[in-house]
Each structure stands twice: as C-alpha cells, then as structure tokens.
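Pasted below: run.pdb, PDB, N, CA, C and O atoms.
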ATOM      1  N   MET A   1     -11.213 -15.043 -17.199
ATOM      2  CA  MET A   1     -11.958 -13.912 -17.710
ATOM      3  C   MET A   1     -12.286 -12.918 -16.605
ATOM      4  O   MET A   1     -12.164 -11.718 -16.791
ATOM      5  N   ILE A   2     -12.720 -13.437 -15.445
ATOM      6  CA  ILE A   2     -13.046 -12.570 -14.310
ATOM      7  C   ILE A   2     -11.782 -11.860 -13.822
ATOM      8  O   ILE A   2     -11.821 -10.668 -13.491
ATOM      9  N   THR A   3     -10.670 -12.576 -13.813
ATOM     10  CA  THR A   3      -9.421 -11.976 -13.362
ATOM     11  C   THR A   3      -9.013 -10.818 -14.259
ATOM     12  O   THR A   3      -8.575  -9.769 -13.767
ATOM     13  N   LEU A   4      -9.161 -10.978 -15.551
ATOM     14  CA  LEU A   4      -8.830  -9.901 -16.479
ATOM     15  C   LEU A   4      -9.737  -8.690 -16.261
ATOM     16  O   LEU A   4      -9.262  -7.539 -16.261
ATOM     17  N   LEU A   5     -11.011  -8.937 -16.040
ATOM     18  CA  LEU A   5     -11.952  -7.843 -15.782
ATOM     19  C   LEU A   5     -11.605  -7.109 -14.493
ATOM     20  O   LEU A   5     -11.651  -5.877 -14.434
ATOM     21  N   ILE A   6     -11.234  -7.850 -13.460
ATOM     22  CA  ILE A   6     -10.833  -7.230 -12.191
ATOM     23  C   ILE A   6      -9.575  -6.393 -12.380
ATOM     24  O   ILE A   6      -9.474  -5.276 -11.854
ATOM     25  N   LEU A   7      -8.621  -6.897 -13.139
ATOM     26  CA  LEU A   7      -7.401  -6.134 -13.403
ATOM     27  C   LEU A   7      -7.687  -4.862 -14.192
ATOM     28  O   LEU A   7      -7.127  -3.794 -13.890
ATOM     29  N   LEU A   8      -8.567  -4.949 -15.176
ATOM     30  CA  LEU A   8      -8.915  -3.755 -15.950
ATOM     31  C   LEU A   8      -9.646  -2.726 -15.098
ATOM     32  O   LEU A   8      -9.389  -1.521 -15.209
ATOM     33  N   LEU A   9     -10.552  -3.196 -14.252
ATOM     34  CA  LEU A   9     -11.243  -2.276 -13.357
ATOM     35  C   LEU A   9     -10.287  -1.654 -12.344
ATOM     36  O   LEU A   9     -10.405  -0.475 -12.004
ATOM     37  N   GLY A  10      -9.338  -2.435 -11.872
ATOM     38  CA  GLY A  10      -8.322  -1.894 -10.959
ATOM     39  C   GLY A  10      -7.473  -0.835 -11.626
ATOM     40  O   GLY A  10      -7.167   0.208 -11.024
ATOM     41  N   LEU A  11      -7.102  -1.069 -12.867
ATOM     42  CA  LEU A  11      -6.338  -0.073 -13.619
ATOM     43  C   LEU A  11      -7.167   1.188 -13.847
ATOM     44  O   LEU A  11      -6.670   2.311 -13.697
ATOM     45  N   ALA A  12      -8.438   1.006 -14.173
ATOM     46  CA  ALA A  12      -9.332   2.160 -14.351
ATOM     47  C   ALA A  12      -9.494   2.924 -13.040
ATOM     48  O   ALA A  12      -9.578   4.164 -13.047
ATOM     49  N   MET A  13      -9.524   2.221 -11.915
ATOM     50  CA  MET A  13      -9.600   2.889 -10.615
ATOM     51  C   MET A  13      -8.364   3.741 -10.356
ATOM     52  O   MET A  13      -8.476   4.868  -9.871
ATOM     53  N   ILE A  14      -7.204   3.213 -10.692
ATOM     54  CA  ILE A  14      -5.962   3.961 -10.487
ATOM     55  C   ILE A  14      -5.940   5.206 -11.363
ATOM     56  O   ILE A  14      -5.574   6.300 -10.912
ATOM     57  N   ILE A  15      -6.367   5.066 -12.604
ATOM     58  CA  ILE A  15      -6.409   6.215 -13.521
ATOM     59  C   ILE A  15      -7.389   7.264 -13.012
ATOM     60  O   ILE A  15      -7.081   8.464 -12.985
ATOM     61  N   ALA A  16      -8.572   6.835 -12.579
ATOM     62  CA  ALA A  16      -9.567   7.778 -12.061
ATOM     63  C   ALA A  16      -9.091   8.442 -10.773
ATOM     64  O   ALA A  16      -9.372   9.623 -10.538
ATOM     65  N   ALA A  17      -8.348   7.705  -9.950
ATOM     66  CA  ALA A  17      -7.817   8.292  -8.717
ATOM     67  C   ALA A  17      -6.802   9.387  -9.032
ATOM     68  O   ALA A  17      -6.803  10.457  -8.409
ATOM     69  N   PHE A  18      -5.926   9.139 -10.005
ATOM     70  CA  PHE A  18      -4.968  10.181 -10.397
ATOM     71  C   PHE A  18      -5.679  11.373 -11.033
ATOM     72  O   PHE A  18      -5.273  12.517 -10.837
ATOM     73  N   GLU A  19      -6.732  11.105 -11.779
ATOM     74  CA  GLU A  19      -7.525  12.203 -12.340
ATOM     75  C   GLU A  19      -8.133  13.040 -11.214
ATOM     76  O   GLU A  19      -8.158  14.266 -11.297
ATOM     77  N   ALA A  20      -8.641  12.384 -10.190
ATOM     78  CA  ALA A  20      -9.226  13.114  -9.064
ATOM     79  C   ALA A  20      -8.184  13.977  -8.369
ATOM     80  O   ALA A  20      -8.494  15.062  -7.879
ATOM     81  N   LEU A  21      -6.952  13.518  -8.333
ATOM     82  CA  LEU A  21      -5.892  14.297  -7.699
ATOM     83  C   LEU A  21      -5.471  15.504  -8.520
ATOM     84  O   LEU A  21      -5.161  16.559  -7.969
ATOM     85  N   TYR A  22      -5.442  15.362  -9.834
ATOM     86  CA  TYR A  22      -4.846  16.395 -10.665
ATOM     87  C   TYR A  22      -5.835  17.296 -11.391
ATOM     88  O   TYR A  22      -5.419  18.259 -12.020
ATOM     89  N   LEU A  23      -7.127  17.020 -11.303
ATOM     90  CA  LEU A  23      -8.100  17.891 -11.945
ATOM     91  C   LEU A  23      -8.203  19.214 -11.184
ATOM     92  O   LEU A  23      -8.192  19.245  -9.959
ATOM     93  N   LYS A  24      -8.307  20.302 -11.911
ATOM     94  CA  LYS A  24      -8.426  21.625 -11.292
ATOM     95  C   LYS A  24      -9.864  21.926 -10.871
ATOM     96  O   LYS A  24     -10.090  22.620  -9.897
ATOM     97  N   ASN A  25     -10.829  21.418 -11.613
ATOM     98  CA  ASN A  25     -12.231  21.644 -11.312
ATOM     99  C   ASN A  25     -12.659  20.698 -10.185
ATOM    100  O   ASN A  25     -12.522  19.479 -10.298
ATOM    101  N   LEU A  26     -13.180  21.265  -9.092
ATOM    102  CA  LEU A  26     -13.541  20.443  -7.937
ATOM    103  C   LEU A  26     -14.670  19.462  -8.233
ATOM    104  O   LEU A  26     -14.646  18.321  -7.769
ATOM    105  N   ILE A  27     -15.652  19.885  -8.992
ATOM    106  CA  ILE A  27     -16.774  18.996  -9.312
ATOM    107  C   ILE A  27     -16.281  17.795 -10.115
ATOM    108  O   ILE A  27     -16.672  16.650  -9.850
ATOM    109  N   SER A  28     -15.406  18.030 -11.077
ATOM    110  CA  SER A  28     -14.846  16.924 -11.866
ATOM    111  C   SER A  28     -14.029  15.981 -10.996
ATOM    112  O   SER A  28     -14.079  14.761 -11.175
ATOM    113  N   ALA A  29     -13.289  16.522 -10.048
ATOM    114  CA  ALA A  29     -12.497  15.690  -9.141
ATOM    115  C   ALA A  29     -13.397  14.843  -8.247
ATOM    116  O   ALA A  29     -13.107  13.672  -7.989
ATOM    117  N   ILE A  30     -14.504  15.415  -7.806
ATOM    118  CA  ILE A  30     -15.447  14.663  -6.977
ATOM    119  C   ILE A  30     -16.084  13.533  -7.779
ATOM    120  O   ILE A  30     -16.230  12.414  -7.287
ATOM    121  N   VAL A  31     -16.436  13.819  -9.020
ATOM    122  CA  VAL A  31     -17.023  12.773  -9.875
ATOM    123  C   VAL A  31     -16.000  11.668 -10.131
ATOM    124  O   VAL A  31     -16.339  10.476 -10.110
ATOM    125  N   ALA A  32     -14.733  12.031 -10.340
ATOM    126  CA  ALA A  32     -13.689  11.023 -10.549
ATOM    127  C   ALA A  32     -13.521  10.153  -9.301
ATOM    128  O   ALA A  32     -13.349   8.932  -9.406
ATOM    129  N   ALA A  33     -13.599  10.748  -8.129
ATOM    130  CA  ALA A  33     -13.521   9.964  -6.899
ATOM    131  C   ALA A  33     -14.739   9.051  -6.754
ATOM    132  O   ALA A  33     -14.621   7.915  -6.275
ATOM    133  N   GLY A  34     -15.901   9.518  -7.182
ATOM    134  CA  GLY A  34     -17.092   8.669  -7.175
ATOM    135  C   GLY A  34     -16.963   7.499  -8.123
ATOM    136  O   GLY A  34     -17.444   6.400  -7.842
ATOM    137  N   ILE A  35     -16.297   7.730  -9.253
ATOM    138  CA  ILE A  35     -16.061   6.647 -10.217
ATOM    139  C   ILE A  35     -15.146   5.585  -9.612
ATOM    140  O   ILE A  35     -15.351   4.387  -9.815
ATOM    141  N   VAL A  36     -14.142   6.026  -8.858
ATOM    142  CA  VAL A  36     -13.265   5.064  -8.170
ATOM    143  C   VAL A  36     -14.091   4.180  -7.245
ATOM    144  O   VAL A  36     -13.941   2.953  -7.233
ATOM    145  N   SER A  37     -14.980   4.785  -6.504
ATOM    146  CA  SER A  37     -15.827   4.025  -5.588
ATOM    147  C   SER A  37     -16.786   3.097  -6.334
ATOM    148  O   SER A  37     -17.041   1.973  -5.899
ATOM    149  N   LEU A  38     -17.314   3.568  -7.443
ATOM    150  CA  LEU A  38     -18.217   2.734  -8.240
ATOM    151  C   LEU A  38     -17.490   1.515  -8.806
ATOM    152  O   LEU A  38     -18.010   0.395  -8.764
ATOM    153  N   PHE A  39     -16.280   1.715  -9.321
ATOM    154  CA  PHE A  39     -15.490   0.591  -9.826
ATOM    155  C   PHE A  39     -15.141  -0.379  -8.697
ATOM    156  O   PHE A  39     -15.111  -1.593  -8.903
ATOM    157  N   ALA A  40     -14.884   0.155  -7.503
ATOM    158  CA  ALA A  40     -14.608  -0.714  -6.361
ATOM    159  C   ALA A  40     -15.823  -1.583  -6.037
ATOM    160  O   ALA A  40     -15.675  -2.767  -5.735
ATOM    161  N   SER A  41     -17.005  -1.007  -6.137
ATOM    162  CA  SER A  41     -18.202  -1.808  -5.852
ATOM    163  C   SER A  41     -18.395  -2.904  -6.891
ATOM    164  O   SER A  41     -18.842  -4.005  -6.553
ATOM    165  N   VAL A  42     -18.053  -2.630  -8.150
ATOM    166  CA  VAL A  42     -18.154  -3.673  -9.176
ATOM    167  C   VAL A  42     -17.137  -4.786  -8.898
ATOM    168  O   VAL A  42     -17.445  -5.979  -9.040
ATOM    169  N   ILE A  43     -15.948  -4.403  -8.463
ATOM    170  CA  ILE A  43     -14.940  -5.418  -8.127
ATOM    171  C   ILE A  43     -15.412  -6.277  -6.953
ATOM    172  O   ILE A  43     -15.255  -7.496  -6.959
ATOM    173  N   TYR A  44     -16.005  -5.638  -5.944
ATOM    174  CA  TYR A  44     -16.541  -6.409  -4.821
ATOM    175  C   TYR A  44     -17.610  -7.387  -5.278
ATOM    176  O   TYR A  44     -17.683  -8.517  -4.797
ATOM    177  N   LEU A  45     -18.431  -6.960  -6.215
ATOM    178  CA  LEU A  45     -19.470  -7.847  -6.735
ATOM    179  C   LEU A  45     -18.855  -9.027  -7.469
ATOM    180  O   LEU A  45     -19.303 -10.170  -7.316
ATOM    181  N   LEU A  46     -17.812  -8.770  -8.262
ATOM    182  CA  LEU A  46     -17.134  -9.857  -8.979
ATOM    183  C   LEU A  46     -16.422 -10.816  -8.029
ATOM    184  O   LEU A  46     -16.240 -11.989  -8.351
ATOM    185  N   LEU A  47     -16.026 -10.310  -6.869
ATOM    186  CA  LEU A  47     -15.348 -11.154  -5.884
ATOM    187  C   LEU A  47     -16.337 -11.840  -4.936
ATOM    188  O   LEU A  47     -15.936 -12.357  -3.898
ATOM    189  N   ALA A  48     -17.615 -11.832  -5.306
ATOM    190  CA  ALA A  48     -18.679 -12.524  -4.571
ATOM    191  C   ALA A  48     -18.902 -11.943  -3.179
ATOM    192  O   ALA A  48     -19.070 -12.672  -2.197
ATOM    193  N   ALA A  49     -18.896 -10.612  -3.104
ATOM    194  CA  ALA A  49     -19.236  -9.929  -1.857
ATOM    195  C   ALA A  49     -20.339  -8.914  -2.147
ATOM    196  O   ALA A  49     -20.109  -7.708  -2.141
ATOM    197  N   PRO A  50     -21.566  -9.404  -2.422
ATOM    198  CA  PRO A  50     -22.622  -8.484  -2.840
ATOM    199  C   PRO A  50     -23.047  -7.496  -1.761
ATOM    200  O   PRO A  50     -23.431  -6.372  -2.069
ATOM    201  N   ASP A  51     -22.956  -7.886  -0.489
ATOM    202  CA  ASP A  51     -23.335  -6.962   0.577
ATOM    203  C   ASP A  51     -22.367  -5.787   0.656
ATOM    204  O   ASP A  51     -22.771  -4.631   0.801
ATOM    205  N   VAL A  52     -21.082  -6.072   0.519
ATOM    206  CA  VAL A  52     -20.081  -5.006   0.518
ATOM    207  C   VAL A  52     -20.229  -4.151  -0.738
ATOM    208  O   VAL A  52     -20.097  -2.925  -0.686
ATOM    209  N   ALA A  53     -20.524  -4.776  -1.863
ATOM    210  CA  ALA A  53     -20.699  -4.038  -3.120
ATOM    211  C   ALA A  53     -21.880  -3.083  -3.033
ATOM    212  O   ALA A  53     -21.782  -1.927  -3.479
ATOM    213  N   MET A  54     -22.987  -3.534  -2.463
ATOM    214  CA  MET A  54     -24.150  -2.655  -2.333
ATOM    215  C   MET A  54     -23.869  -1.496  -1.391
ATOM    216  O   MET A  54     -24.265  -0.357  -1.655
ATOM    217  N   THR A  55     -23.171  -1.766  -0.304
ATOM    218  CA  THR A  55     -22.837  -0.707   0.641
ATOM    219  C   THR A  55     -21.901   0.308   0.007
ATOM    220  O   THR A  55     -22.081   1.517   0.154
ATOM    221  N   GLU A  56     -20.893  -0.166  -0.697
ATOM    222  CA  GLU A  56     -19.939   0.733  -1.362
ATOM    223  C   GLU A  56     -20.626   1.568  -2.432
ATOM    224  O   GLU A  56     -20.352   2.756  -2.569
ATOM    225  N   ALA A  57     -21.520   0.968  -3.183
ATOM    226  CA  ALA A  57     -22.222   1.715  -4.224
ATOM    227  C   ALA A  57     -23.151   2.760  -3.614
ATOM    228  O   ALA A  57     -23.210   3.894  -4.083
ATOM    229  N   ALA A  58     -23.866   2.386  -2.565
ATOM    230  CA  ALA A  58     -24.829   3.317  -1.968
ATOM    231  C   ALA A  58     -24.142   4.441  -1.203
ATOM    232  O   ALA A  58     -24.475   5.613  -1.378
ATOM    233  N   ILE A  59     -23.178   4.098  -0.370
ATOM    234  CA  ILE A  59     -22.536   5.095   0.476
ATOM    235  C   ILE A  59     -21.358   5.747  -0.234
ATOM    236  O   ILE A  59     -21.278   6.970  -0.340
ATOM    237  N   GLY A  60     -20.439   4.940  -0.729
ATOM    238  CA  GLY A  60     -19.216   5.475  -1.327
ATOM    239  C   GLY A  60     -19.443   6.210  -2.628
ATOM    240  O   GLY A  60     -19.034   7.360  -2.795
ATOM    241  N   ALA A  61     -20.114   5.561  -3.561
ATOM    242  CA  ALA A  61     -20.306   6.170  -4.879
ATOM    243  C   ALA A  61     -21.484   7.120  -4.892
ATOM    244  O   ALA A  61     -21.428   8.161  -5.546
ATOM    245  N   GLY A  62     -22.527   6.802  -4.175
ATOM    246  CA  GLY A  62     -23.741   7.612  -4.251
ATOM    247  C   GLY A  62     -23.782   8.749  -3.269
ATOM    248  O   GLY A  62     -23.672   9.922  -3.626
ATOM    249  N   LEU A  63     -23.945   8.428  -2.005
ATOM    250  CA  LEU A  63     -24.188   9.436  -0.987
ATOM    251  C   LEU A  63     -23.003  10.383  -0.788
ATOM    252  O   LEU A  63     -23.188  11.601  -0.728
ATOM    253  N   SER A  64     -21.807   9.845  -0.696
ATOM    254  CA  SER A  64     -20.635  10.703  -0.491
ATOM    255  C   SER A  64     -20.442  11.678  -1.644
ATOM    256  O   SER A  64     -20.138  12.856  -1.421
ATOM    257  N   THR A  65     -20.623  11.203  -2.855
ATOM    258  CA  THR A  65     -20.464  12.073  -4.022
ATOM    259  C   THR A  65     -21.490  13.195  -4.005
ATOM    260  O   THR A  65     -21.151  14.361  -4.235
ATOM    261  N   VAL A  66     -22.721  12.859  -3.699
ATOM    262  CA  VAL A  66     -23.780  13.872  -3.649
ATOM    263  C   VAL A  66     -23.503  14.883  -2.536
ATOM    264  O   VAL A  66     -23.657  16.098  -2.737
ATOM    265  N   ILE A  67     -23.077  14.433  -1.374
ATOM    266  CA  ILE A  67     -22.795  15.348  -0.267
ATOM    267  C   ILE A  67     -21.624  16.269  -0.609
ATOM    268  O   ILE A  67     -21.674  17.479  -0.325
ATOM    269  N   PHE A  68     -20.580  15.734  -1.216
ATOM    270  CA  PHE A  68     -19.436  16.577  -1.589
ATOM    271  C   PHE A  68     -19.825  17.621  -2.627
ATOM    272  O   PHE A  68     -19.428  18.783  -2.542
ATOM    273  N   ILE A  69     -20.593  17.216  -3.614
ATOM    274  CA  ILE A  69     -21.025  18.179  -4.641
ATOM    275  C   ILE A  69     -21.916  19.247  -4.012
ATOM    276  O   ILE A  69     -21.770  20.437  -4.309
ATOM    277  N   TYR A  70     -22.803  18.854  -3.129
ATOM    278  CA  TYR A  70     -23.665  19.813  -2.443
ATOM    279  C   TYR A  70     -22.833  20.804  -1.623
ATOM    280  O   TYR A  70     -23.090  22.013  -1.632
ATOM    281  N   ALA A  71     -21.829  20.311  -0.909
ATOM    282  CA  ALA A  71     -20.983  21.182  -0.089
ATOM    283  C   ALA A  71     -20.207  22.169  -0.952
ATOM    284  O   ALA A  71     -20.091  23.352  -0.607
ATOM    285  N   VAL A  72     -19.687  21.712  -2.083
ATOM    286  CA  VAL A  72     -18.945  22.612  -2.970
ATOM    287  C   VAL A  72     -19.873  23.671  -3.538
ATOM    288  O   VAL A  72     -19.526  24.857  -3.599
ATOM    289  N   LYS A  73     -21.060  23.269  -3.948
ATOM    290  CA  LYS A  73     -22.029  24.239  -4.481
ATOM    291  C   LYS A  73     -22.400  25.274  -3.422
ATOM    292  O   LYS A  73     -22.497  26.464  -3.718
ATOM    293  N   LYS A  74     -22.634  24.840  -2.183
ATOM    294  CA  LYS A  74     -22.998  25.766  -1.124
ATOM    295  C   LYS A  74     -21.868  26.740  -0.808
ATOM    296  O   LYS A  74     -22.121  27.924  -0.588
ATOM    297  N   THR A  75     -20.643  26.256  -0.764
ATOM    298  CA  THR A  75     -19.529  27.157  -0.462
ATOM    299  C   THR A  75     -19.276  28.124  -1.604
ATOM    300  O   THR A  75     -18.905  29.271  -1.364
ATOM    301  N   ARG A  76     -19.491  27.706  -2.825
ATOM    302  CA  ARG A  76     -19.335  28.636  -3.955
ATOM    303  C   ARG A  76     -20.425  29.680  -3.939
ATOM    304  O   ARG A  76     -20.174  30.832  -4.281
ATOM    305  N   ASP A  77     -21.644  29.318  -3.546
ATOM    306  CA  ASP A  77     -22.720  30.293  -3.464
ATOM    307  C   ASP A  77     -22.419  31.351  -2.403
ATOM    308  O   ASP A  77     -22.635  32.539  -2.614
ATOM    309  N   ARG A  78     -21.896  30.939  -1.280
ATOM    310  CA  ARG A  78     -21.537  31.897  -0.230
ATOM    311  C   ARG A  78     -20.354  32.748  -0.631
ATOM    312  O   ARG A  78     -20.251  33.896  -0.248
ATOM    313  N   GLU A  79     -19.444  32.174  -1.390
ATOM    314  CA  GLU A  79     -18.285  32.924  -1.860
ATOM    315  C   GLU A  79     -18.734  34.062  -2.781
ATOM    316  O   GLU A  79     -18.215  35.169  -2.699
ATOM    317  N   VAL A  80     -19.719  33.810  -3.621
ATOM    318  CA  VAL A  80     -20.244  34.824  -4.512
ATOM    319  C   VAL A  80     -20.990  35.904  -3.716
ATOM    320  O   VAL A  80     -20.883  37.090  -4.020
ATOM    321  N   GLU A  81     -21.733  35.501  -2.672
ATOM    322  CA  GLU A  81     -22.466  36.464  -1.857
ATOM    323  C   GLU A  81     -21.518  37.405  -1.115
ATOM    324  O   GLU A  81     -21.818  38.585  -0.937
ATOM    325  N   ASN A  82     -20.364  36.912  -0.679
ATOM    326  CA  ASN A  82     -19.427  37.720   0.102
ATOM    327  C   ASN A  82     -18.633  38.690  -0.751
ATOM    328  O   ASN A  82     -18.039  39.615  -0.230
ATOM    329  N   ASP A  83     -18.598  38.502  -2.040
ATOM    330  CA  ASP A  83     -17.826  39.404  -2.914
ATOM    331  C   ASP A  83     -18.537  40.667  -3.180
ATOM    332  O   ASP A  83     -19.249  41.353  -2.967
TER     333      ASP A  83
END
Encoded form (structure tokens):
Amino acid sequence: MITLLILLLGLAMIIAAFEALYLKNLISAIVAAGIVSLFASVIYLLLAAPDVAMTEAAIGAGLSTVIFIYAVKKTRDREVEND
C-alpha cells in the first residue's frame, strides 16, 4: 500500500514538474514547483525520514515558494513603475 502511494506521489510530482515548465503564468509555475517540493516531503515522510521531510516542507515548499512569489511581485511592480 505504501509503495503504491509513493508511486502515485512520484507520478504527481512528475506531472507538476512538467506543469511548472510549461505554464506561461510565473506565479502558477512557482506554485507548481512548490507542489513538487511538498509531494517530495510527503514521500520522505513515508520513507521514514521525518527530519528530511520537515526540512523539505519548511524550506523547499514553504520558504522558497514565498520568496519566489515575492520576487516576481516586486519585479512586476517595478516594471509597471518604469513604463
């Protein structure tokens, strides 16, 4: 049962990664990349690595996603000011 769940999460990670590559909207692509990281943290938890799972969820899915979204918002605001 755990193996099937890991395989499904891995497949979902691959789909989300391709979505992140091909989405035109930057915010949507960043969220898709965050989803990949979140699924990776769940897989780490299922593989009995809770310390790695917590780190991946906090840094990979949480902090990195927030920083990327903040950077995109800031650059778009400056782009509007320069026009």
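Separating atom O of Pro50 in chain A from atom O of Ala32 in chain A is a distance of 19.7 Å.
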Give me the residues within 5 Å of Ala29 in chain A as a VMD selection string, counting only N, CA, C and O atoms and dropping any in the same chain fewer than 4 places off. chain A and resid 20 25 33
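What the PyMOL selection byres (((chain A and resi 66-75 and name CA) around 10) and name CA) grabs from this file is Leu26, Ile27, Ser28, Ala29, Ile30, Val31, Gly34, Ile59, Gly60, Ala61, Gly62, Leu63, Ser64, Thr65, Arg76, Asp77, Arg78, Glu79, Val80 and Glu81 of chain A.
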Take every atom of range 49-61 of chain A listed in the file, fit an axis-aligned box around them, add 3 Å per side, and give the centre and edge lengths in Å to one decimal as lines of an AutoDock Vina configuration file.
center_x = -21.9
center_y = -1.2
center_z = -2.4
size_x = 11.9
size_y = 24.8
size_z = 12.3
List the spatial neighbours of Val42 in chain A as a ChimeraX atom specification - criterion: any atom at most 8 Å away, all atoms listed in the file, same-chain residues fewer than 3 positions off excluded. /A:5-6,9,35-39,45-49,52-54,56-57
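Going from atom C of Met13 in chain A to atom O of Ile43 in chain A covers 13.6 Å.
Our summary of the geometry notes that CA of Asp51 in chain A is positioned 28.7 Å from CA of Leu21 in chain A.
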DSSP-assigned alpha helix (DSSP H) among chain A, expressed as a ChimeraX atom specification: /A:2-22,26-46,50-55,64-82
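Distance annotation: of A:Gly10, A:Leu23, A:Phe18, A:Leu4, the residue with the minimal separation from Ala40 in chain A is A:Gly10; atom set is all atoms listed in the file.
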Could you rebuild range 17-25 of chain A with all heavy atoms and give me the result as a tab-separated table (two decimals), in the frame of the given file?
chain	number	residue	atom	x	y	z
A	17	ALA	N	-8.35	7.70	-9.95
A	17	ALA	CA	-7.82	8.29	-8.72
A	17	ALA	C	-6.80	9.39	-9.03
A	17	ALA	O	-6.80	10.46	-8.41
A	17	ALA	CB	-7.18	7.21	-7.85
A	18	PHE	N	-5.93	9.14	-10.01
A	18	PHE	CA	-4.97	10.18	-10.40
A	18	PHE	C	-5.68	11.37	-11.03
A	18	PHE	O	-5.27	12.52	-10.84
A	18	PHE	CB	-3.90	9.62	-11.33
A	18	PHE	CG	-2.78	8.92	-10.60
A	18	PHE	CD1	-2.59	7.57	-10.75
A	18	PHE	CD2	-1.94	9.62	-9.77
A	18	PHE	CE1	-1.58	6.92	-10.08
A	18	PHE	CE2	-0.92	8.99	-9.08
A	18	PHE	CZ	-0.74	7.63	-9.24
A	19	GLU	N	-6.73	11.10	-11.78
A	19	GLU	CA	-7.52	12.20	-12.34
A	19	GLU	C	-8.13	13.04	-11.21
A	19	GLU	O	-8.16	14.27	-11.30
A	19	GLU	CB	-8.63	11.67	-13.25
A	19	GLU	CG	-8.15	11.19	-14.58
A	19	GLU	CD	-7.63	12.31	-15.46
A	19	GLU	OE1	-8.23	13.40	-15.46
A	19	GLU	OE2	-6.63	12.09	-16.14
A	20	ALA	N	-8.64	12.38	-10.19
A	20	ALA	CA	-9.23	13.11	-9.06
A	20	ALA	C	-8.18	13.98	-8.37
A	20	ALA	O	-8.49	15.06	-7.88
A	20	ALA	CB	-9.85	12.14	-8.07
A	21	LEU	N	-6.95	13.52	-8.33
A	21	LEU	CA	-5.89	14.30	-7.70
A	21	LEU	C	-5.47	15.50	-8.52
A	21	LEU	O	-5.16	16.56	-7.97
A	21	LEU	CB	-4.66	13.42	-7.45
A	21	LEU	CG	-4.77	12.38	-6.35
A	21	LEU	CD1	-3.54	11.49	-6.35
A	21	LEU	CD2	-4.93	13.07	-5.01
A	22	TYR	N	-5.44	15.36	-9.83
A	22	TYR	CA	-4.85	16.40	-10.66
A	22	TYR	C	-5.84	17.30	-11.39
A	22	TYR	O	-5.42	18.26	-12.02
A	22	TYR	CB	-3.89	15.75	-11.68
A	22	TYR	CG	-2.68	15.15	-11.01
A	22	TYR	CD1	-2.49	13.79	-10.98
A	22	TYR	CD2	-1.76	15.96	-10.36
A	22	TYR	CE1	-1.40	13.23	-10.35
A	22	TYR	CE2	-0.67	15.42	-9.73
A	22	TYR	CZ	-0.48	14.06	-9.72
A	22	TYR	OH	0.59	13.52	-9.09
A	23	LEU	N	-7.13	17.02	-11.30
A	23	LEU	CA	-8.10	17.89	-11.94
A	23	LEU	C	-8.20	19.21	-11.18
A	23	LEU	O	-8.19	19.24	-9.96
A	23	LEU	CB	-9.47	17.22	-12.01
A	23	LEU	CG	-9.62	16.13	-13.06
A	23	LEU	CD1	-10.93	15.40	-12.87
A	23	LEU	CD2	-9.55	16.72	-14.45
A	24	LYS	N	-8.31	20.30	-11.91
A	24	LYS	CA	-8.43	21.62	-11.29
A	24	LYS	C	-9.86	21.93	-10.87
A	24	LYS	O	-10.09	22.62	-9.90
A	24	LYS	CB	-7.95	22.70	-12.27
A	24	LYS	CG	-6.51	22.54	-12.69
A	24	LYS	CD	-5.58	22.78	-11.53
A	24	LYS	CE	-4.14	22.68	-12.02
A	24	LYS	NZ	-3.22	22.47	-10.93
A	25	ASN	N	-10.83	21.42	-11.61
A	25	ASN	CA	-12.23	21.64	-11.31
A	25	ASN	C	-12.66	20.70	-10.18
A	25	ASN	O	-12.52	19.48	-10.30
A	25	ASN	CB	-13.08	21.40	-12.57
A	25	ASN	CG	-14.52	21.75	-12.37
A	25	ASN	OD1	-14.95	22.11	-11.29
A	25	ASN	ND2	-15.28	21.63	-13.45
